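With PDB, C-alpha atoms, pLDDT in the B column inside, this is protein-v2.pdb:
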```pdb
ATOM      1  CA  MET K1273     104.348 111.910 102.456  1.00 65.00           C
ATOM      2  CA  ILE K1274     107.596 111.437 104.353  1.00 84.00           C
ATOM      3  CA  THR K1275     110.056 108.755 103.310  1.00 91.00           C
ATOM      4  CA  ASP K1276     109.520 106.588 106.425  1.00 95.00           C
ATOM      5  CA  GLU K1277     105.812 106.324 105.694  1.00 96.00           C
ATOM      6  CA  LYS K1278     106.490 105.493 102.047  1.00 96.00           C
ATOM      7  CA  CYS K1279     108.871 102.742 103.164  1.00 97.00           C
ATOM      8  CA  ARG K1280     106.200 101.295 105.447  1.00 97.00           C
ATOM      9  CA  GLN K1281     103.869 101.065 102.430  1.00 97.00           C
ATOM     10  CA  LEU K1282     106.359  99.048 100.395  1.00 97.00           C
ATOM     11  CA  PRO K1283     105.471  95.360 100.686  1.00 98.00           C
ATOM     12  CA  VAL K1284     108.060  92.700 101.466  1.00 98.00           C
ATOM     13  CA  LEU K1285     108.849  90.791  98.300  1.00 98.00           C
ATOM     14  CA  LYS K1286     109.327  87.155  99.276  1.00 97.00           C
ATOM     15  CA  LYS K1287     112.137  85.033  97.903  1.00 98.00           C
ATOM     16  CA  GLN K1288     110.880  83.403  94.695  1.00 97.00           C
ATOM     17  CA  ALA K1289     111.853  82.073  91.309  1.00 96.00           C
ATOM     18  CA  VAL K1290     112.207  84.495  88.417  1.00 96.00           C
ATOM     19  CA  THR K1291     111.166  83.693  84.852  1.00 93.00           C
ATOM     20  CA  TRP K1292     114.214  83.585  82.576  1.00 93.00           C
ATOM     21  CA  VAL K1293     113.864  83.870  78.795  1.00 92.00           C
ATOM     22  CA  LYS K1294     116.325  82.822  76.122  1.00 88.00           C
ATOM     23  CA  ASN K1295     116.145  84.733  72.841  1.00 83.00           C
ATOM     24  CA  ASP K1296     118.063  83.681  69.723  1.00 83.00           C
ATOM     25  CA  SER K1297     119.020  87.302  68.990  1.00 82.00           C
ATOM     26  CA  PHE K1298     120.519  87.827  72.469  1.00 77.00           C
ATOM     27  CA  PRO K1299     123.309  85.524  73.675  1.00 79.00           C
ATOM     28  CA  MET K1300     122.217  85.280  77.327  1.00 81.00           C
ATOM     29  CA  SER K1301     119.023  84.505  79.197  1.00 86.00           C
ATOM     30  CA  TYR K1302     117.359  87.514  80.767  1.00 88.00           C
ATOM     31  CA  PRO K1303     114.731  87.912  83.504  1.00 93.00           C
ATOM     32  CA  VAL K1304     111.116  88.793  82.813  1.00 92.00           C
ATOM     33  CA  TYR K1305     109.109  90.190  85.695  1.00 94.00           C
ATOM     34  CA  ASP K1306     105.402  89.615  86.080  1.00 89.00           C
ATOM     35  CA  GLY K1307     102.960  89.007  88.912  1.00 95.00           C
ATOM     36  CA  PRO K1308     104.220  89.895  92.401  1.00 97.00           C
ATOM     37  CA  ILE K1309     107.656  91.002  91.201  1.00 97.00           C
ATOM     38  CA  ARG K1310     106.213  93.451  88.653  1.00 97.00           C
ATOM     39  CA  GLN K1311     103.714  94.725  91.242  1.00 97.00           C
ATOM     40  CA  TRP K1312     106.532  95.293  93.745  1.00 98.00           C
ATOM     41  CA  LEU K1313     108.657  97.161  91.171  1.00 96.00           C
ATOM     42  CA  ASP K1314     105.671  99.318  90.217  1.00 96.00           C
ATOM     43  CA  LYS K1315     104.968 100.123  93.882  1.00 97.00           C
ATOM     44  CA  PHE K1316     108.625 101.021  94.515  1.00 97.00           C
ATOM     45  CA  LYS K1317     108.476 103.456  91.590  1.00 94.00           C
ATOM     46  CA  GLU K1318     105.009 104.782  92.533  1.00 95.00           C
ATOM     47  CA  LEU K1319     106.188 105.583  96.063  1.00 96.00           C
ATOM     48  CA  GLY K1320     109.098 107.564  94.651  1.00 94.00           C
ATOM     49  CA  LEU K1321     111.713 105.581  96.549  1.00 92.00           C
ATOM     50  CA  CYS K1322     114.164 105.551  93.658  1.00 84.00           C
ATOM     51  CA  ASP K1323     117.161 107.528  94.892  1.00 68.00           C
ATOM     52  CA  ILE K1324     118.687 109.215  91.860  1.00 66.00           C
ATOM     53  CA  ASP K1325     122.021 109.662  93.634  1.00 75.00           C
ATOM     54  CA  TYR K1326     122.262 106.089  94.924  1.00 77.00           C
ATOM     55  CA  THR K1327     125.975 105.969  94.115  1.00 77.00           C
ATOM     56  CA  ARG K1328     126.823 108.178  97.106  1.00 77.00           C
ATOM     57  CA  TYR K1329     126.498 105.027  99.248  1.00 72.00           C
ATOM     58  CA  ASN K1330     128.464 102.832  96.874  1.00 64.00           C
ATOM     59  CA  ASP K1331     131.237 102.489  99.453  1.00 59.00           C
ATOM     60  CA  SER K1332     129.034 100.460 101.776  1.00 50.00           C
ATOM     61  CA  ASN K1333     126.663  98.559  99.498  1.00 50.00           C
ATOM     62  CA  GLY K1334     127.522  94.911  99.561  1.00 53.00           C
ATOM     63  CA  ARG K1335     130.246  95.388 102.159  1.00 60.00           C
ATOM     64  CA  LYS K1336     128.092  95.569 105.253  1.00 71.00           C
ATOM     65  CA  ASP K1337     125.751  92.998 106.658  1.00 90.00           C
ATOM     66  CA  ILE K1338     122.154  93.903 105.768  1.00 93.00           C
ATOM     67  CA  GLU K1339     121.381  94.162 109.487  1.00 93.00           C
ATOM     68  CA  GLN K1340     123.837  97.082 109.705  1.00 92.00           C
ATOM     69  CA  LEU K1341     122.318  99.139 106.887  1.00 92.00           C
ATOM     70  CA  ASP K1342     120.185 102.193 107.608  1.00 92.00           C
ATOM     71  CA  ARG K1343     117.111 103.240 105.630  1.00 93.00           C
ATOM     72  CA  ASP K1344     118.923 105.351 103.047  1.00 90.00           C
ATOM     73  CA  ARG K1345     121.574 102.732 102.386  1.00 90.00           C
ATOM     74  CA  ILE K1346     118.912 100.057 101.949  1.00 93.00           C
ATOM     75  CA  LEU K1347     117.048 102.198  99.429  1.00 93.00           C
ATOM     76  CA  ALA K1348     120.299 102.975  97.602  1.00 91.00           C
ATOM     77  CA  TYR K1349     121.165  99.258  97.520  1.00 91.00           C
ATOM     78  CA  ILE K1350     117.750  98.384  96.075  1.00 94.00           C
ATOM     79  CA  VAL K1351     118.075 101.099  93.403  1.00 93.00           C
ATOM     80  CA  PHE K1352     121.546  99.785  92.574  1.00 90.00           C
ATOM     81  CA  LEU K1353     120.098  96.280  92.080  1.00 92.00           C
ATOM     82  CA  ILE K1354     117.292  97.598  89.862  1.00 93.00           C
ATOM     83  CA  ARG K1355     119.472  99.898  87.772  1.00 90.00           C
ATOM     84  CA  SER K1356     122.151  97.293  87.195  1.00 87.00           C
ATOM     85  CA  GLU K1357     119.693  95.430  84.991  1.00 86.00           C
ATOM     86  CA  HIS K1358     119.515  98.374  82.600  1.00 80.00           C
ATOM     87  CA  PHE K1359     123.097  97.566  81.693  1.00 79.00           C
ATOM     88  CA  GLY K1360     122.619  93.852  81.115  1.00 75.00           C
ATOM     89  CA  GLY K1361     123.168  92.747  84.684  1.00 80.00           C
ATOM     90  CA  THR K1362     121.021  90.254  86.543  1.00 91.00           C
ATOM     91  CA  ARG K1363     121.601  91.470  90.098  1.00 93.00           C
ATOM     92  CA  PHE K1364     117.964  92.300  90.849  1.00 96.00           C
ATOM     93  CA  ALA K1365     116.730  88.908  89.621  1.00 96.00           C
ATOM     94  CA  GLU K1366     119.431  87.143  91.609  1.00 96.00           C
ATOM     95  CA  ALA K1367     118.515  89.153  94.722  1.00 97.00           C
ATOM     96  CA  VAL K1368     114.882  88.071  94.353  1.00 97.00           C
ATOM     97  CA  GLU K1369     115.843  84.422  93.879  1.00 97.00           C
ATOM     98  CA  ASN K1370     118.410  84.203  96.667  1.00 97.00           C
ATOM     99  CA  GLY K1371     116.381  86.118  99.267  1.00 97.00           C
ATOM    100  CA  THR K1372     118.571  89.228  99.445  1.00 96.00           C
ATOM    101  CA  LEU K1373     115.713  91.500  98.380  1.00 97.00           C
ATOM    102  CA  GLU K1374     113.394  89.955 100.965  1.00 98.00           C
ATOM    103  CA  ALA K1375     116.030  90.570 103.648  1.00 98.00           C
ATOM    104  CA  LEU K1376     116.448  94.173 102.469  1.00 97.00           C
ATOM    105  CA  CYS K1377     112.672  94.732 102.621  1.00 98.00           C
ATOM    106  CA  LEU K1378     112.438  93.260 106.111  1.00 98.00           C
ATOM    107  CA  ARG K1379     115.352  95.382 107.324  1.00 98.00           C
ATOM    108  CA  LEU K1380     113.810  98.465 105.702  1.00 97.00           C
ATOM    109  CA  HIS K1381     110.604  97.885 107.675  1.00 98.00           C
ATOM    110  CA  GLU K1382     112.639  97.513 110.878  1.00 98.00           C
ATOM    111  CA  THR K1383     114.369 100.840 110.309  1.00 97.00           C
ATOM    112  CA  VAL K1384     111.112 102.786 109.848  1.00 97.00           C
ATOM    113  CA  LYS K1385     108.994 101.369 112.704  1.00 90.00           C
TER     114      LYS K1385
END
```

Any chance you could give the structure as structure tokens?
Amino acid sequence: MITDEKCRQLPVLKKQAVTWVKNDSFPMSYPVYDGPIRQWLDKFKELGLCDIDYTRYNDSNGRKDIEQLDRDRILAYIVFLIRSEHFGGTRFAEAVENGTLEALCLRLHETVK
């Protein structure tokens, strides 16, 4: 399946609250994903949209308006948000809560019409 078709199959994840957990053995709260967020993450992975070399677009991620991003830069930006959490970041959770991920999904769908 070509990448454009895979992108069309990815649902738009609406802006929503994330569940945050505080654990006595870890000094900060961390996000826990279930329901629609977990389903969206699973679908993203299932479709194989995770760009291993997402850093090649690092020069533009976060510096351009979302409306200016093309398909590959959107996918790289999403992977950046997801992977940042592996290192203790909360960028993906914040993007879900503030609507950035929803805007990225909507723009992604526009680019692959």

Item to check | From K:Leu1313, K:Leu1380, K:Ala1289, K:Ala1365, residue lying nearest K:Arg1343 [all atoms listed in the file] | outcome: K:Leu1380

Written as a CSV table (one decimal) with C-alpha atoms, in the frame of the given file, which residues does the PyMOL selection byres ((chain K and resi 1364) around 9) give for the file shown?
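New file result.csv:
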```csv
chain,number,residue,atom,x,y,z
K,1350,ILE,CA,117.8,98.4,96.1
K,1352,PHE,CA,121.5,99.8,92.6
K,1353,LEU,CA,120.1,96.3,92.1
K,1354,ILE,CA,117.3,97.6,89.9
K,1355,ARG,CA,119.5,99.9,87.8
K,1356,SER,CA,122.2,97.3,87.2
K,1357,GLU,CA,119.7,95.4,85.0
K,1361,GLY,CA,123.2,92.7,84.7
K,1362,THR,CA,121.0,90.3,86.5
K,1363,ARG,CA,121.6,91.5,90.1
K,1365,ALA,CA,116.7,88.9,89.6
K,1366,GLU,CA,119.4,87.1,91.6
K,1367,ALA,CA,118.5,89.2,94.7
K,1368,VAL,CA,114.9,88.1,94.4
K,1369,GLU,CA,115.8,84.4,93.9
K,1373,LEU,CA,115.7,91.5,98.4
```

Checklist entry - So what do you get for atom CA of K:Ile1309 versus atom CA of K:Asn1370, distance-wise? => result 13.8 Å

Checklist entry - Which value, in Å to one decimal, gives the distance between atom CA of K:Leu1282 and atom CA of K:Lys1317? => result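 Result for atom CA of K:Leu1282 versus atom CA of K:Lys1317: 10.1 Å, one decimal.
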
Next on the checklist: Which residue is closest to K:Asp1342? Choose from K:Val1290, K:Ile1274, K:Leu1378, K:Met1300 and count all atoms listed in the file.
Outcome noted: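 Among the listed residues, the smallest separation from K:Asp1342 belongs to K:Leu1378.
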
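Atom to atom, atom CA of K:Val1351 and atom CA of K:Leu1321 stand 8.4 Å apart.
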
Listed atoms of stretch 1352-1368 of chain K boxed axis-aligned with 3 Å per side, centre + edges as AutoDock Vina command-line options:
```
--center_x 119.0 --center_y 93.5 --center_z 87.9 --size_x 14.3 --size_y 18.8 --size_z 19.6
```

Item to check | Selection near K:Phe1316, 12 Å with only C-alpha atoms, sequence-local residues under 5 positions removed, as a list in words | outcome: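 Close residues of K:Phe1316: Thr1275, Lys1278, Cys1279, Arg1280, Gln1281, Leu1282, Pro1283, Val1284, Leu1285, Ile1309, Arg1310, Gln1311, Leu1321, Cys1322, Asp1323, Leu1347, Ile1350, Val1351, Ile1354 and Cys1377 of chain K.
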
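Shortest atom-to-atom contact with K:Asp1306 among K:Glu1318, K:Gln1288, K:Thr1383, K:Glu1339: K:Gln1288, counting only C-alpha atoms.
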
Item to check | Pick from K:Lys1294, K:His1358, K:Arg1379, K:Lys1286, whichever lies nearest to K:Gln1340 using all atoms listed in the file | outcome: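 When distances to K:Gln1340 are compared using all atoms listed in the file, the smallest one comes from K:Arg1379.
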
With N, CA and C atoms as the goal, would you fill in the gaps in stretch 1276-1301 of chain K and present it as a PDB file, in the frame of the given file?
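Output file result.pdb follows:
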```
ATOM      1  N   ASP K1276     109.790 107.734 105.541  1.00 95.00           N
ATOM      2  CA  ASP K1276     109.520 106.588 106.425  1.00 95.00           C
ATOM      3  C   ASP K1276     108.154 105.989 106.149  1.00 95.00           C
ATOM      4  N   GLU K1277     107.154 106.834 105.960  1.00 96.00           N
ATOM      5  CA  GLU K1277     105.812 106.324 105.694  1.00 96.00           C
ATOM      6  C   GLU K1277     105.756 105.610 104.345  1.00 96.00           C
ATOM      7  N   LYS K1278     106.435 106.157 103.353  1.00 96.00           N
ATOM      8  CA  LYS K1278     106.490 105.493 102.047  1.00 96.00           C
ATOM      9  C   LYS K1278     107.128 104.113 102.184  1.00 96.00           C
ATOM     10  N   CYS K1279     108.191 104.031 102.965  1.00 97.00           N
ATOM     11  CA  CYS K1279     108.871 102.742 103.164  1.00 97.00           C
ATOM     12  C   CYS K1279     107.955 101.730 103.844  1.00 97.00           C
ATOM     13  N   ARG K1280     107.146 102.200 104.769  1.00 97.00           N
ATOM     14  CA  ARG K1280     106.200 101.295 105.447  1.00 97.00           C
ATOM     15  C   ARG K1280     105.155 100.750 104.475  1.00 97.00           C
ATOM     16  N   GLN K1281     104.866 101.505 103.418  1.00 97.00           N
ATOM     17  CA  GLN K1281     103.869 101.065 102.430  1.00 97.00           C
ATOM     18  C   GLN K1281     104.422 100.079 101.412  1.00 97.00           C
ATOM     19  N   LEU K1282     105.747  99.980 101.340  1.00 97.00           N
ATOM     20  CA  LEU K1282     106.359  99.048 100.395  1.00 97.00           C
ATOM     21  C   LEU K1282     106.231  97.627 100.934  1.00 97.00           C
ATOM     22  N   PRO K1283     105.615  96.736 100.188  1.00 98.00           N
ATOM     23  CA  PRO K1283     105.471  95.360 100.686  1.00 98.00           C
ATOM     24  C   PRO K1283     106.813  94.625 100.674  1.00 98.00           C
ATOM     25  N   VAL K1284     106.888  93.573 101.465  1.00 98.00           N
ATOM     26  CA  VAL K1284     108.060  92.700 101.466  1.00 98.00           C
ATOM     27  C   VAL K1284     107.902  91.732 100.296  1.00 98.00           C
ATOM     28  N   LEU K1285     108.877  91.720  99.427  1.00 98.00           N
ATOM     29  CA  LEU K1285     108.849  90.791  98.300  1.00 98.00           C
ATOM     30  C   LEU K1285     109.550  89.512  98.726  1.00 98.00           C
ATOM     31  N   LYS K1286     108.801  88.449  98.822  1.00 97.00           N
ATOM     32  CA  LYS K1286     109.327  87.155  99.276  1.00 97.00           C
ATOM     33  C   LYS K1286     110.274  86.546  98.246  1.00 97.00           C
ATOM     34  N   LYS K1287     111.216  85.784  98.752  1.00 98.00           N
ATOM     35  CA  LYS K1287     112.137  85.033  97.903  1.00 98.00           C
ATOM     36  C   LYS K1287     111.313  84.155  96.969  1.00 98.00           C
ATOM     37  N   GLN K1288     111.638  84.184  95.673  1.00 97.00           N
ATOM     38  CA  GLN K1288     110.880  83.403  94.695  1.00 97.00           C
ATOM     39  C   GLN K1288     111.675  83.233  93.413  1.00 97.00           C
ATOM     40  N   ALA K1289     111.222  82.309  92.605  1.00 96.00           N
ATOM     41  CA  ALA K1289     111.853  82.073  91.309  1.00 96.00           C
ATOM     42  C   ALA K1289     111.483  83.194  90.347  1.00 96.00           C
ATOM     43  N   VAL K1290     112.403  83.494  89.460  1.00 96.00           N
ATOM     44  CA  VAL K1290     112.207  84.495  88.417  1.00 96.00           C
ATOM     45  C   VAL K1290     112.117  83.768  87.083  1.00 96.00           C
ATOM     46  N   THR K1291     111.279  84.266  86.187  1.00 93.00           N
ATOM     47  CA  THR K1291     111.166  83.693  84.852  1.00 93.00           C
ATOM     48  C   THR K1291     112.330  84.189  83.997  1.00 93.00           C
ATOM     49  N   TRP K1292     113.078  83.251  83.439  1.00 93.00           N
ATOM     50  CA  TRP K1292     114.214  83.585  82.576  1.00 93.00           C
ATOM     51  C   TRP K1292     113.870  83.202  81.144  1.00 93.00           C
ATOM     52  N   VAL K1293     114.198  84.078  80.202  1.00 92.00           N
ATOM     53  CA  VAL K1293     113.864  83.870  78.795  1.00 92.00           C
ATOM     54  C   VAL K1293     115.152  83.826  77.979  1.00 92.00           C
ATOM     55  N   LYS K1294     115.195  82.911  77.055  1.00 88.00           N
ATOM     56  CA  LYS K1294     116.325  82.822  76.122  1.00 88.00           C
ATOM     57  C   LYS K1294     115.813  83.257  74.762  1.00 88.00           C
ATOM     58  N   ASN K1295     116.533  84.196  74.139  1.00 83.00           N
ATOM     59  CA  ASN K1295     116.145  84.733  72.841  1.00 83.00           C
ATOM     60  C   ASN K1295     117.304  84.493  71.879  1.00 83.00           C
ATOM     61  N   ASP K1296     117.009  83.996  70.691  1.00 83.00           N
ATOM     62  CA  ASP K1296     118.063  83.681  69.723  1.00 83.00           C
ATOM     63  C   ASP K1296     118.882  84.907  69.319  1.00 83.00           C
ATOM     64  N   SER K1297     118.288  86.106  69.394  1.00 82.00           N
ATOM     65  CA  SER K1297     119.020  87.302  68.990  1.00 82.00           C
ATOM     66  C   SER K1297     119.870  87.891  70.119  1.00 82.00           C
ATOM     67  N   PHE K1298     119.739  87.347  71.323  1.00 77.00           N
ATOM     68  CA  PHE K1298     120.519  87.827  72.469  1.00 77.00           C
ATOM     69  C   PHE K1298     121.232  86.626  73.067  1.00 77.00           C
ATOM     70  N   PRO K1299     122.538  86.714  73.299  1.00 79.00           N
ATOM     71  CA  PRO K1299     123.309  85.524  73.675  1.00 79.00           C
ATOM     72  C   PRO K1299     123.049  84.964  75.074  1.00 79.00           C
ATOM     73  N   MET K1300     122.418  85.756  75.953  1.00 81.00           N
ATOM     74  CA  MET K1300     122.217  85.280  77.327  1.00 81.00           C
ATOM     75  C   MET K1300     120.733  85.271  77.673  1.00 81.00           C
ATOM     76  N   SER K1301     120.379  84.467  78.665  1.00 86.00           N
ATOM     77  CA  SER K1301     119.023  84.505  79.197  1.00 86.00           C
ATOM     78  C   SER K1301     118.850  85.802  79.970  1.00 86.00           C
TER      79      SER K1301
END
```
